[in-house]
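> Data: final14.cif, mmCIF, C-alpha atoms (C1' of nucleotides).
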```
data_final
#
loop_
_atom_site.label_atom_id
_atom_site.label_comp_id
_atom_site.auth_asym_id
_atom_site.auth_seq_id
_atom_site.Cartn_x
_atom_site.Cartn_y
_atom_site.Cartn_z
CA MET A 1359 -36.62 -9.27 -6.69
CA THR A 1360 -33.19 -9.60 -8.19
CA ILE A 1361 -30.48 -6.99 -7.95
CA GLU A 1362 -30.52 -6.27 -11.66
CA THR A 1363 -34.00 -4.79 -11.33
CA PHE A 1364 -33.31 -2.86 -8.13
CA PHE A 1365 -33.28 0.73 -9.27
CA PRO A 1366 -30.52 2.11 -7.03
CA TYR A 1367 -28.26 -0.64 -8.33
CA GLN A 1368 -29.14 0.19 -11.92
CA LEU A 1369 -28.38 3.84 -11.32
CA ALA A 1370 -25.03 3.01 -9.74
CA VAL A 1371 -24.08 0.72 -12.60
CA ALA A 1372 -25.09 3.22 -15.27
CA ALA A 1373 -23.22 6.05 -13.59
CA ALA A 1374 -20.13 3.92 -13.05
CA ALA A 1375 -20.12 2.88 -16.69
CA LEU A 1376 -20.16 6.43 -18.00
CA SER A 1377 -17.72 7.60 -15.34
CA ALA A 1378 -15.26 4.86 -16.23
CA GLU A 1379 -15.36 5.88 -19.89
CA LEU A 1380 -14.53 9.49 -19.10
CA GLU A 1381 -11.93 8.63 -16.48
CA ASP A 1382 -10.20 6.50 -19.06
CA VAL A 1383 -9.71 9.65 -21.14
CA TYR A 1384 -8.62 12.23 -18.58
CA ARG A 1385 -6.45 9.74 -16.74
CA ARG A 1386 -4.71 8.19 -19.71
CA GLU A 1387 -4.51 11.28 -21.92
CA GLY A 1388 -4.44 13.94 -19.23
CA GLY A 1389 -2.76 12.23 -16.29
CA LEU A 1390 -5.50 13.39 -13.95
CA SER A 1391 -7.39 11.62 -11.20
CA ARG A 1392 -11.11 12.14 -10.85
CA GLU A 1393 -10.55 14.67 -8.07
CA GLU A 1394 -7.91 16.55 -10.01
CA TRP A 1395 -10.16 16.60 -13.07
CA ARG A 1396 -13.00 18.16 -11.11
CA VAL A 1397 -10.81 20.80 -9.49
CA LEU A 1398 -9.18 21.76 -12.76
CA PHE A 1399 -12.58 21.86 -14.44
CA LEU A 1400 -13.82 24.34 -11.88
CA LEU A 1401 -10.75 26.56 -12.00
CA ALA A 1402 -10.30 26.55 -15.76
CA ASN A 1403 -13.22 28.88 -16.39
CA VAL A 1404 -12.95 31.37 -13.54
CA ASP A 1405 -10.38 33.69 -12.03
CA ALA A 1406 -10.06 32.05 -8.65
CA LEU A 1407 -11.92 29.98 -6.07
CA THR A 1408 -11.39 29.29 -2.41
CA SER A 1409 -10.87 25.79 -1.10
CA LYS A 1410 -14.29 25.99 0.50
CA GLU A 1411 -16.00 26.82 -2.77
CA LEU A 1412 -14.05 24.12 -4.55
CA SER A 1413 -15.24 21.59 -2.03
CA ARG A 1414 -18.87 22.58 -2.28
CA ARG A 1415 -19.02 22.82 -6.05
CA SER A 1416 -17.07 19.61 -6.72
CA SER A 1417 -18.92 17.40 -4.23
CA LEU A 1418 -15.52 16.55 -2.72
CA ASP A 1419 -14.59 16.92 0.92
CA LYS A 1420 -11.82 19.14 2.21
CA VAL A 1421 -9.26 16.36 2.42
CA GLN A 1422 -9.80 15.41 -1.19
CA ILE A 1423 -9.52 19.04 -2.25
CA SER A 1424 -6.34 19.52 -0.25
CA ARG A 1425 -4.67 16.49 -1.78
CA ALA A 1426 -5.90 17.08 -5.33
CA ALA A 1427 -4.80 20.71 -5.18
CA HIS A 1428 -1.35 19.69 -3.96
CA ARG A 1429 -0.90 17.35 -6.88
CA LEU A 1430 -2.16 19.94 -9.37
CA GLU A 1431 0.29 22.48 -7.92
CA GLU A 1432 3.15 20.00 -8.25
CA LYS A 1433 2.20 19.60 -11.90
CA GLY A 1434 2.14 23.35 -12.37
CA LEU A 1435 -1.49 23.37 -13.45
CA ILE A 1436 -2.82 25.53 -10.63
CA ARG A 1437 -1.36 27.74 -7.93
CA GLY A 1438 -2.64 28.40 -4.45
CA ALA A 1439 -2.07 30.94 -1.72
CA GLN A 1440 -3.50 31.77 1.65
CA SER A 1441 -6.61 33.87 1.26
CA THR A 1442 -6.24 37.44 2.43
CA GLN A 1443 -9.88 37.77 3.40
CA ASP A 1444 -10.06 34.63 5.54
CA ARG A 1445 -6.62 33.29 6.30
CA ARG A 1446 -7.97 29.87 7.17
CA LEU A 1447 -8.83 29.40 3.49
CA ARG A 1448 -6.71 29.09 0.41
CA ASP A 1449 -7.33 30.81 -2.91
CA TYR A 1450 -6.65 28.69 -5.97
CA ALA A 1451 -6.26 29.79 -9.58
CA CYS A 1452 -5.40 28.10 -12.83
CA THR A 1453 -2.01 28.68 -14.40
CA GLU A 1454 -1.78 29.24 -18.11
CA ALA A 1455 -0.45 25.72 -18.44
CA GLY A 1456 -3.44 24.45 -16.50
CA ARG A 1457 -5.90 26.29 -18.68
CA ALA A 1458 -4.20 25.00 -21.81
CA HIS A 1459 -4.16 21.48 -20.45
CA PHE A 1460 -7.83 21.57 -19.62
CA HIS A 1461 -8.94 23.07 -22.92
CA ALA A 1462 -6.93 20.48 -24.81
CA LEU A 1463 -8.42 17.69 -22.73
CA PHE A 1464 -12.02 18.73 -22.40
CA PRO A 1465 -13.08 18.17 -26.03
CA ARG A 1466 -11.75 14.63 -25.84
CA VAL A 1467 -13.64 13.89 -22.67
CA GLU A 1468 -16.76 15.44 -24.13
CA ALA A 1469 -16.33 13.36 -27.29
CA ARG A 1470 -16.08 10.15 -25.29
CA ALA A 1471 -19.23 11.08 -23.38
CA GLU A 1472 -20.96 11.69 -26.68
CA GLU A 1473 -19.83 8.30 -27.94
CA VAL A 1474 -21.74 6.65 -25.12
CA MET A 1475 -24.71 8.98 -24.88
CA GLY A 1476 -25.05 9.07 -28.64
CA GLN A 1477 -25.87 5.40 -28.65
CA MET A 1478 -28.98 6.09 -26.61
CA ASP A 1479 -32.41 6.56 -28.04
CA PRO A 1480 -32.89 10.35 -28.10
CA ASP A 1481 -36.05 10.15 -26.04
CA ASP A 1482 -34.31 7.96 -23.47
CA ARG A 1483 -31.48 10.43 -23.34
CA ALA A 1484 -33.79 13.38 -22.79
CA ALA A 1485 -35.57 11.39 -20.10
CA LEU A 1486 -32.27 10.62 -18.39
CA GLU A 1487 -31.20 14.23 -18.33
CA ARG A 1488 -34.53 15.32 -16.96
CA GLY A 1489 -34.57 12.54 -14.36
CA VAL A 1490 -31.06 13.21 -13.12
CA GLU A 1491 -31.85 16.86 -12.54
CA GLY A 1492 -34.93 15.80 -10.63
CA LEU A 1493 -32.99 13.43 -8.45
CA ILE A 1494 -30.39 16.08 -7.66
CA ARG A 1495 -33.13 18.47 -6.63
CA ALA A 1496 -34.67 15.77 -4.44
CA SER A 1497 -31.33 14.93 -2.86
CA ASP A 1498 -30.10 18.32 -1.70
CA GLY A 1499 -33.65 19.42 -1.36
CA PRO A 1500 -35.38 21.34 1.40
CA ASP A 1501 -35.35 18.59 4.00
CA MET B 66 -19.45 25.58 -19.42
CA THR B 67 -19.31 24.97 -15.69
CA ILE B 68 -19.04 21.56 -14.11
CA GLU B 69 -22.46 21.77 -12.53
CA THR B 70 -24.06 21.67 -15.97
CA PHE B 71 -21.79 18.94 -17.38
CA PHE B 72 -24.10 15.96 -17.60
CA PRO B 73 -21.66 13.18 -16.66
CA TYR B 74 -20.87 15.10 -13.50
CA GLN B 75 -24.55 15.50 -12.70
CA LEU B 76 -25.11 11.81 -13.17
CA ALA B 77 -22.19 10.94 -10.91
CA VAL B 78 -23.40 13.30 -8.21
CA ALA B 79 -26.96 12.03 -8.35
CA ALA B 80 -25.89 8.40 -8.20
CA ALA B 81 -23.45 9.06 -5.37
CA ALA B 82 -26.14 10.82 -3.38
CA LEU B 83 -28.58 7.94 -3.59
CA SER B 84 -25.85 5.37 -3.06
CA ALA B 85 -24.64 7.12 0.08
CA GLU B 86 -28.14 7.08 1.51
CA LEU B 87 -28.50 3.35 1.02
CA GLU B 88 -24.97 2.57 2.15
CA ASP B 89 -25.71 4.42 5.35
CA VAL B 90 -28.45 1.88 6.05
CA TYR B 91 -26.83 -1.43 5.13
CA ARG B 92 -23.50 -0.40 6.66
CA ARG B 93 -24.77 1.00 9.92
CA GLU B 94 -27.72 -1.35 10.44
CA GLY B 95 -26.41 -4.37 8.61
CA GLY B 96 -22.65 -4.13 9.00
CA LEU B 97 -22.15 -4.70 5.28
CA SER B 98 -19.88 -3.02 2.79
CA ARG B 99 -21.19 -2.18 -0.65
CA GLU B 100 -19.56 -5.29 -2.11
CA GLU B 101 -20.92 -7.53 0.65
CA TRP B 102 -24.37 -6.04 0.19
CA ARG B 103 -24.37 -6.85 -3.52
CA VAL B 104 -23.14 -10.41 -3.04
CA LEU B 105 -25.63 -11.14 -0.29
CA PHE B 106 -28.39 -9.57 -2.38
CA LEU B 107 -27.61 -11.93 -5.25
CA LEU B 108 -27.37 -15.04 -3.09
CA ALA B 109 -30.39 -14.36 -0.90
CA ASN B 110 -32.87 -15.20 -3.62
CA VAL B 111 -31.30 -18.20 -5.32
CA ASP B 112 -29.91 -21.59 -4.41
CA ALA B 113 -26.30 -21.00 -5.38
CA LEU B 114 -24.06 -19.03 -7.71
CA THR B 115 -20.49 -19.44 -8.87
CA SER B 116 -17.89 -16.77 -8.28
CA LYS B 117 -17.92 -16.05 -11.97
CA GLU B 118 -21.66 -15.44 -12.05
CA LEU B 119 -21.42 -13.31 -8.92
CA SER B 120 -18.80 -11.16 -10.57
CA ARG B 121 -20.77 -10.65 -13.74
CA ARG B 122 -24.11 -9.94 -12.09
CA SER B 123 -22.76 -7.64 -9.39
CA SER B 124 -20.52 -5.52 -11.66
CA LEU B 125 -17.65 -6.35 -9.30
CA ASP B 126 -14.35 -7.86 -10.37
CA LYS B 127 -13.02 -11.17 -9.15
CA VAL B 128 -10.83 -9.65 -6.44
CA GLN B 129 -13.74 -7.79 -4.94
CA ILE B 130 -15.86 -10.93 -5.03
CA SER B 131 -13.14 -12.99 -3.42
CA ARG B 132 -12.69 -10.55 -0.57
CA ALA B 133 -16.37 -9.82 -0.01
CA ALA B 134 -17.17 -13.53 0.00
CA HIS B 135 -14.43 -14.17 2.56
CA ARG B 136 -15.87 -11.57 4.90
CA LEU B 137 -19.41 -12.87 4.44
CA GLU B 138 -18.20 -16.38 5.22
CA GLU B 139 -16.47 -15.16 8.38
CA LYS B 140 -19.77 -13.60 9.42
CA GLY B 141 -21.60 -16.86 8.74
CA LEU B 142 -23.89 -15.27 6.17
CA ILE B 143 -22.81 -17.37 3.20
CA ARG B 144 -20.80 -20.51 2.62
CA GLY B 145 -18.58 -21.43 -0.29
CA ALA B 146 -16.98 -24.53 -1.69
CA GLN B 147 -14.98 -25.52 -4.71
CA SER B 148 -17.26 -26.15 -7.64
CA THR B 149 -17.47 -29.79 -8.72
CA GLN B 150 -18.16 -28.91 -12.34
CA ASP B 151 -15.25 -26.50 -12.77
CA ARG B 152 -12.79 -26.77 -9.95
CA ARG B 153 -11.30 -23.37 -10.71
CA LEU B 154 -14.57 -21.80 -9.56
CA ARG B 155 -16.26 -21.63 -6.20
CA ASP B 156 -19.95 -22.18 -5.52
CA TYR B 157 -21.49 -19.85 -3.02
CA ALA B 158 -24.81 -20.16 -1.21
CA CYS B 159 -26.62 -18.22 1.47
CA THR B 160 -26.86 -19.65 4.96
CA GLU B 161 -30.14 -19.39 6.83
CA ALA B 162 -28.60 -16.64 8.91
CA GLY B 163 -27.61 -14.86 5.73
CA ARG B 164 -31.08 -15.09 4.28
CA ALA B 165 -32.62 -13.84 7.52
CA HIS B 166 -30.14 -10.99 7.71
CA PHE B 167 -30.86 -9.91 4.16
CA HIS B 168 -34.62 -10.09 4.47
CA ALA B 169 -34.52 -8.08 7.67
CA LEU B 170 -32.28 -5.48 6.06
CA PHE B 171 -33.76 -5.17 2.60
CA PRO B 172 -37.04 -3.44 3.57
CA ARG B 173 -35.07 -0.80 5.44
CA VAL B 174 -32.83 -0.14 2.47
CA GLU B 175 -35.82 -0.04 0.19
CA ALA B 176 -37.56 2.38 2.54
CA ARG B 177 -34.59 4.72 2.51
CA ALA B 178 -34.53 4.62 -1.27
CA GLU B 179 -38.19 5.48 -1.29
CA GLU B 180 -37.57 8.40 1.06
CA VAL B 181 -35.31 9.95 -1.55
CA MET B 182 -37.08 8.88 -4.70
CA GLY B 183 -40.45 9.77 -3.20
CA GLN B 184 -39.42 13.41 -3.07
CA MET B 185 -39.12 13.47 -6.84
CA ASP B 186 -41.81 14.65 -9.16
CA PRO B 187 -43.46 11.42 -10.39
CA ASP B 188 -42.83 12.29 -14.02
CA ASP B 189 -39.19 13.05 -13.30
CA ARG B 190 -38.93 9.74 -11.52
CA ALA B 191 -40.41 7.82 -14.41
CA ALA B 192 -38.08 9.66 -16.76
CA LEU B 193 -35.10 8.75 -14.60
CA GLU B 194 -35.98 5.08 -14.54
CA ARG B 195 -36.47 5.03 -18.27
CA GLY B 196 -33.28 6.95 -18.91
CA VAL B 197 -31.14 4.76 -16.70
CA GLU B 198 -32.30 1.65 -18.49
CA GLY B 199 -31.47 3.30 -21.77
CA LEU B 200 -27.99 4.23 -20.63
CA ILE B 201 -27.32 0.70 -19.42
CA ARG B 202 -28.38 -0.67 -22.78
CA ALA B 203 -26.12 1.84 -24.52
CA SER B 204 -23.19 0.97 -22.27
CA ASP B 205 -23.03 -2.79 -22.59
CA GLY B 206 -24.55 -2.56 -26.00
CA PRO B 207 -23.60 -4.23 -29.28
CA ASP B 208 -20.41 -2.27 -29.85
"C1'" DG C 1244 -1.64 -38.70 -23.30
"C1'" DA C 1245 1.39 -34.39 -23.94
"C1'" DT C 1246 1.83 -29.69 -24.50
"C1'" DG C 1247 0.73 -25.02 -24.89
"C1'" DT C 1248 -2.72 -21.52 -23.99
"C1'" DA C 1249 -6.54 -19.44 -21.47
"C1'" DT C 1250 -9.27 -18.76 -17.35
"C1'" DT C 1251 -10.07 -18.44 -12.31
"C1'" DG C 1252 -9.23 -17.35 -7.32
"C1'" DT C 1253 -5.95 -15.75 -4.23
"C1'" DT C 1254 -2.25 -12.99 -2.40
"C1'" DG C 1255 1.51 -9.17 -1.92
"C1'" DC C 1256 2.33 -4.81 -2.44
"C1'" DA C 1257 2.13 0.01 -3.58
"C1'" DG C 1258 -0.93 3.69 -3.73
"C1'" DA C 1259 -5.45 5.71 -2.51
"C1'" DT C 1260 -9.01 6.71 0.86
"C1'" DG C 1261 -11.62 7.93 5.11
"C1'" DC C 1262 -11.41 9.38 9.70
"C1'" DA C 1263 -9.94 11.55 13.71
"C1'" DA C 1264 -6.77 14.75 15.73
"C1'" DC C 1265 -4.27 19.01 15.56
"C1'" DG C 1266 -2.87 23.88 14.95
"C1'" DA C 1267 -4.31 28.13 12.98
"C1'" DT C 1268 -7.74 31.36 12.31
"C1'" DG C 1269 -12.30 33.54 12.72
"C1'" DT C 1270 -16.54 34.89 15.36
"C1'" DC C 1271 -19.14 36.44 18.96
"C1'" DA C 1272 -20.43 37.55 23.58
"C1'" DA C 1273 -19.15 39.42 27.82
"C1'" DT D 300 -9.45 42.63 25.42
"C1'" DT D 301 -10.48 38.22 26.76
"C1'" DG D 302 -12.29 33.75 26.45
"C1'" DA D 303 -15.20 30.07 24.58
"C1'" DC D 304 -16.54 27.96 20.59
"C1'" DA D 305 -16.74 27.11 15.48
"C1'" DT D 306 -14.50 26.51 11.04
"C1'" DC D 307 -10.72 25.44 7.89
"C1'" DG D 308 -6.55 22.93 5.93
"C1'" DT D 309 -3.28 19.56 6.87
"C1'" DT D 310 -1.32 15.33 8.54
"C1'" DG D 311 -0.94 10.34 10.65
"C1'" DC D 312 -2.71 6.28 10.66
"C1'" DA D 313 -5.46 2.36 9.81
"C1'" DT D 314 -7.95 0.46 6.21
"C1'" DC D 315 -9.40 -0.22 1.55
"C1'" DT D 316 -8.42 -0.69 -3.39
"C1'" DG D 317 -6.40 -1.84 -7.84
"C1'" DC D 318 -2.88 -4.14 -10.18
"C1'" DA D 319 0.28 -7.62 -11.25
"C1'" DA D 320 2.02 -12.09 -10.27
"C1'" DC D 321 1.16 -16.80 -9.11
"C1'" DA D 322 -0.66 -21.63 -8.68
"C1'" DA D 323 -4.41 -24.52 -9.95
"C1'" DT D 324 -7.45 -25.94 -13.34
"C1'" DA D 325 -9.65 -26.32 -17.94
"C1'" DC D 326 -9.45 -26.70 -22.86
"C1'" DA D 327 -7.72 -27.23 -27.57
"C1'" DT D 328 -4.49 -29.19 -30.65
"C1'" DC D 329 -1.58 -32.54 -31.85
#
```
Just give me the structure of the file as C-alpha cells.

Amino acid sequence: MTIETFFPYQLAVAAAALSAELEDVYRREGGLSREEWRVLFLLANVDALTSKELSRRSSLDKVQISRAAHRLEEKGLIRGAQSTQDRRLRDYACTEAGRAHFHALFPRVEARAEEVMGQMDPDDRAALERGVEGLIRASDGPD
Amino acid sequence: MTIETFFPYQLAVAAAALSAELEDVYRREGGLSREEWRVLFLLANVDALTSKELSRRSSLDKVQISRAAHRLEEKGLIRGAQSTQDRRLRDYACTEAGRAHFHALFPRVEARAEEVMGQMDPDDRAALERGVEGLIRASDGPD
DNA sequence: GATGTATTGTTGCAGATGCAACGATGTCAA
DNA sequence: TTGACATCGTTGCATCTGCAACAATACATC
C-alpha cells in the first residue's frame, strides 16, 4: 500500500488541484479569498441571507463568515445589518457593485473549471459527478 | 445557479468531509498533522526517500516537508541525514518506532474511511473512484 | 579550474487560521 | 417577571501557513 493508491489521498489531491485552479482566477482577477468567494456566490443570486444561513450553506464556520463578510463590506461588495427578527444574527445582502463583480467573475471561474474538467473522458466526468453527490449524501447522511 | 449545485464546490465539500474524518483519527489517536501523516505514510513502506521525492509524492511543497520532517524527527518517528549523492538534499527513513506507530494507526484510519465510504451506494462508490482517477489524470496531464 | 545559473532546504516575517472566551440576545420553564 | 440555559457574532491569542530571501550545493559553459 502506497499513498498514491490510498483513495482518500487521491480524492484530496484531485479536489485540491481543481480548487487551486479556480482560486487562481477569483483571487488574481477578483481579489477574493476562498471564503469571500463563497459568501459572494451565495449572496449574488438572492435578496438576503442571515449569517447563520451563510455558514450552513457555505460549509464555513461562524468565524470565517464573520471575517469574510467584514472584508466584503470593506470592499463595498455586500452590506450587513443586525437582523430585526433575531437580533443575534446579521442579515447580509449584495450591493450592486457586488453583484456586478460576481457576474463579471463567475464566467471566468466557470471557464477555468471547464478547462480542467473538459480534459476528462466524458464517462469519467459523469462518474465523478455522480460519485461526488453520493459521497456528500453519505457524509451528511442520516447517522 | 446556486453554489450547492456548482460542481467544484461539491467536490471541495465532499473531499473536506472525508478528510476531516480521517484527520480526526490520525490527529487525535496518532498526534499527527496532515503533513506528518503523509510523510510517515510514504516512509513507512520503503527504505528511504529524499526530501525531493517526499515533496513530489505527497503533493506538499518543500517548506511543508521541511517542517513536517522536523517534527517527526523530534518525535523519533523518522530520521534524516544529508544525502551523500546530492548534498543539497536530505535522505529520510522511518525509525522502528515510526513504522510501529504507522502500522498501529493505519488500520484505524482505514476503518474510519470505510465507515464513510461504506455508506455509499456501491455503484456511486465505484463511480467516484473512477472519476477521481480521471480528474487526477486530467490535472497533471500532458498540457 | 572559474564563473554564472539553477536547485534545494531552511528561516523570518507578515498574514491567515482555529479555538476558547465573552457579551448580547433568545428561549423556555417556573 | 424572573432565572437558567442555549445560541450567535466578535475578538484575543497562540499557532499555522505561504512567501520571499538566503546560504549551500550542483551543473553547464567556457
> Please provide the set of residues having any atom within 8 Å of segment 304-308 of chain D, restricted to all atoms listed in the file, with same-chain residues fewer than 6 positions apart removed, written as a ChimeraX atom specification.
/A:1420-1421,1424,1446-1447 /C:1268-1270
> Mind giving me the straight-line distance from atom CA of Met182 of chain B to atom CA of Ala1484 of chain A in Å, one decimal?
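The value is 18.9 Å.
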> Which polymer residues have any atom within 10 Å of an atom of segment 66-75 of chain B, counting all atoms listed in the file, with same-chain residues fewer than 2 positions away left out, as a PyMOL selection string?
(chain A and resi 1373+1376-1377+1380+1396-1404+1415-1417+1468+1471+1475+1486-1487+1490-1491+1493-1494) or (chain B and resi 77-81)
> Write to file, as a compact mmCIF listing (two decimals), in the coordinates of the input, the residues of the selection just made, with C-alpha atoms.

```
# COMPACT_ATOMS: atom_id res chain seq x y z
CA ALA A 1373 -23.22 6.05 -13.59
CA LEU A 1376 -20.16 6.43 -18.00
CA SER A 1377 -17.72 7.60 -15.34
CA LEU A 1380 -14.53 9.49 -19.10
CA ARG A 1396 -13.00 18.16 -11.11
CA VAL A 1397 -10.81 20.80 -9.49
CA LEU A 1398 -9.18 21.76 -12.76
CA PHE A 1399 -12.58 21.86 -14.44
CA LEU A 1400 -13.82 24.34 -11.88
CA LEU A 1401 -10.75 26.56 -12.00
CA ALA A 1402 -10.30 26.55 -15.76
CA ASN A 1403 -13.22 28.88 -16.39
CA VAL A 1404 -12.95 31.37 -13.54
CA ARG A 1415 -19.02 22.82 -6.05
CA SER A 1416 -17.07 19.61 -6.72
CA SER A 1417 -18.92 17.40 -4.23
CA GLU A 1468 -16.76 15.44 -24.13
CA ALA A 1471 -19.23 11.08 -23.38
CA MET A 1475 -24.71 8.98 -24.88
CA LEU A 1486 -32.27 10.62 -18.39
CA GLU A 1487 -31.20 14.23 -18.33
CA VAL A 1490 -31.06 13.21 -13.12
CA GLU A 1491 -31.85 16.86 -12.54
CA LEU A 1493 -32.99 13.43 -8.45
CA ILE A 1494 -30.39 16.08 -7.66
CA ALA B 77 -22.19 10.94 -10.91
CA VAL B 78 -23.40 13.30 -8.21
CA ALA B 79 -26.96 12.03 -8.35
CA ALA B 80 -25.89 8.40 -8.20
CA ALA B 81 -23.45 9.06 -5.37
```
> Need the shell around DG1247 of chain C: protein/DNA/RNA residues with any atom at most 12 Å away, counting only C-alpha atoms (C1' of nucleotides). Skip same-chain ones fewer than 4 positions apart. Format as a list of chain:residue names?
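Answer for this query is D:DC326, D:DA327, D:DT328, D:DC329.
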> On this structure, the PyMOL selection byres ((chain B) within 12 of (chain C)) would catch which residues? List them as an mmCIF file with C-alpha atoms, in the coordinates of the input, sorted by chain and number.

```cif
data_model
loop_
_atom_site.group_PDB
_atom_site.id
_atom_site.type_symbol
_atom_site.label_atom_id
_atom_site.label_comp_id
_atom_site.auth_asym_id
_atom_site.auth_seq_id
_atom_site.Cartn_x
_atom_site.Cartn_y
_atom_site.Cartn_z
ATOM 1 C CA THR B 115 -20.490 -19.440 -8.870
ATOM 2 C CA SER B 116 -17.890 -16.770 -8.280
ATOM 3 C CA LYS B 117 -17.920 -16.050 -11.970
ATOM 4 C CA GLU B 118 -21.660 -15.440 -12.050
ATOM 5 C CA SER B 120 -18.800 -11.160 -10.570
ATOM 6 C CA ASP B 126 -14.350 -7.860 -10.370
ATOM 7 C CA LYS B 127 -13.020 -11.170 -9.150
ATOM 8 C CA VAL B 128 -10.830 -9.650 -6.440
ATOM 9 C CA GLN B 129 -13.740 -7.790 -4.940
ATOM 10 C CA ILE B 130 -15.860 -10.930 -5.030
ATOM 11 C CA SER B 131 -13.140 -12.990 -3.420
ATOM 12 C CA ARG B 132 -12.690 -10.550 -0.570
ATOM 13 C CA ALA B 134 -17.170 -13.530 0.000
ATOM 14 C CA HIS B 135 -14.430 -14.170 2.560
ATOM 15 C CA ALA B 146 -16.980 -24.530 -1.690
ATOM 16 C CA GLN B 147 -14.980 -25.520 -4.710
ATOM 17 C CA SER B 148 -17.260 -26.150 -7.640
ATOM 18 C CA ASP B 151 -15.250 -26.500 -12.770
ATOM 19 C CA ARG B 152 -12.790 -26.770 -9.950
ATOM 20 C CA ARG B 153 -11.300 -23.370 -10.710
ATOM 21 C CA LEU B 154 -14.570 -21.800 -9.560
ATOM 22 C CA ARG B 155 -16.260 -21.630 -6.200
ATOM 23 C CA ASP B 156 -19.950 -22.180 -5.520
#
```
> Do a neighbour search on segment 1465-1467 of chain A at 10 Å with all atoms listed in the file, toss out local chain neighbours closer than 6 positions, and write the hits as a ChimeraX atom specification.
/A:1379-1384,1387-1388,1473
> Using the chain letters and numbering of this document, enumerate as a list in words the residues selected by the PyMOL selection byres ((chain D) within 12 of (chain B)).
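Going through the file, the PyMOL selection byres ((chain D) within 12 of (chain B)) ends up selecting DC315, DT316, DG317, DC318, DA322, DA323, DT324, DA325 and DC326 of chain D.
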> Under the rule that only C-alpha atoms are counted, which of B:Ala169, B:Leu114, B:Leu125, B:Ala162 is the nearest residue to chain A?
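The shortest atom-to-atom distance to chain A comes from B:Leu125.
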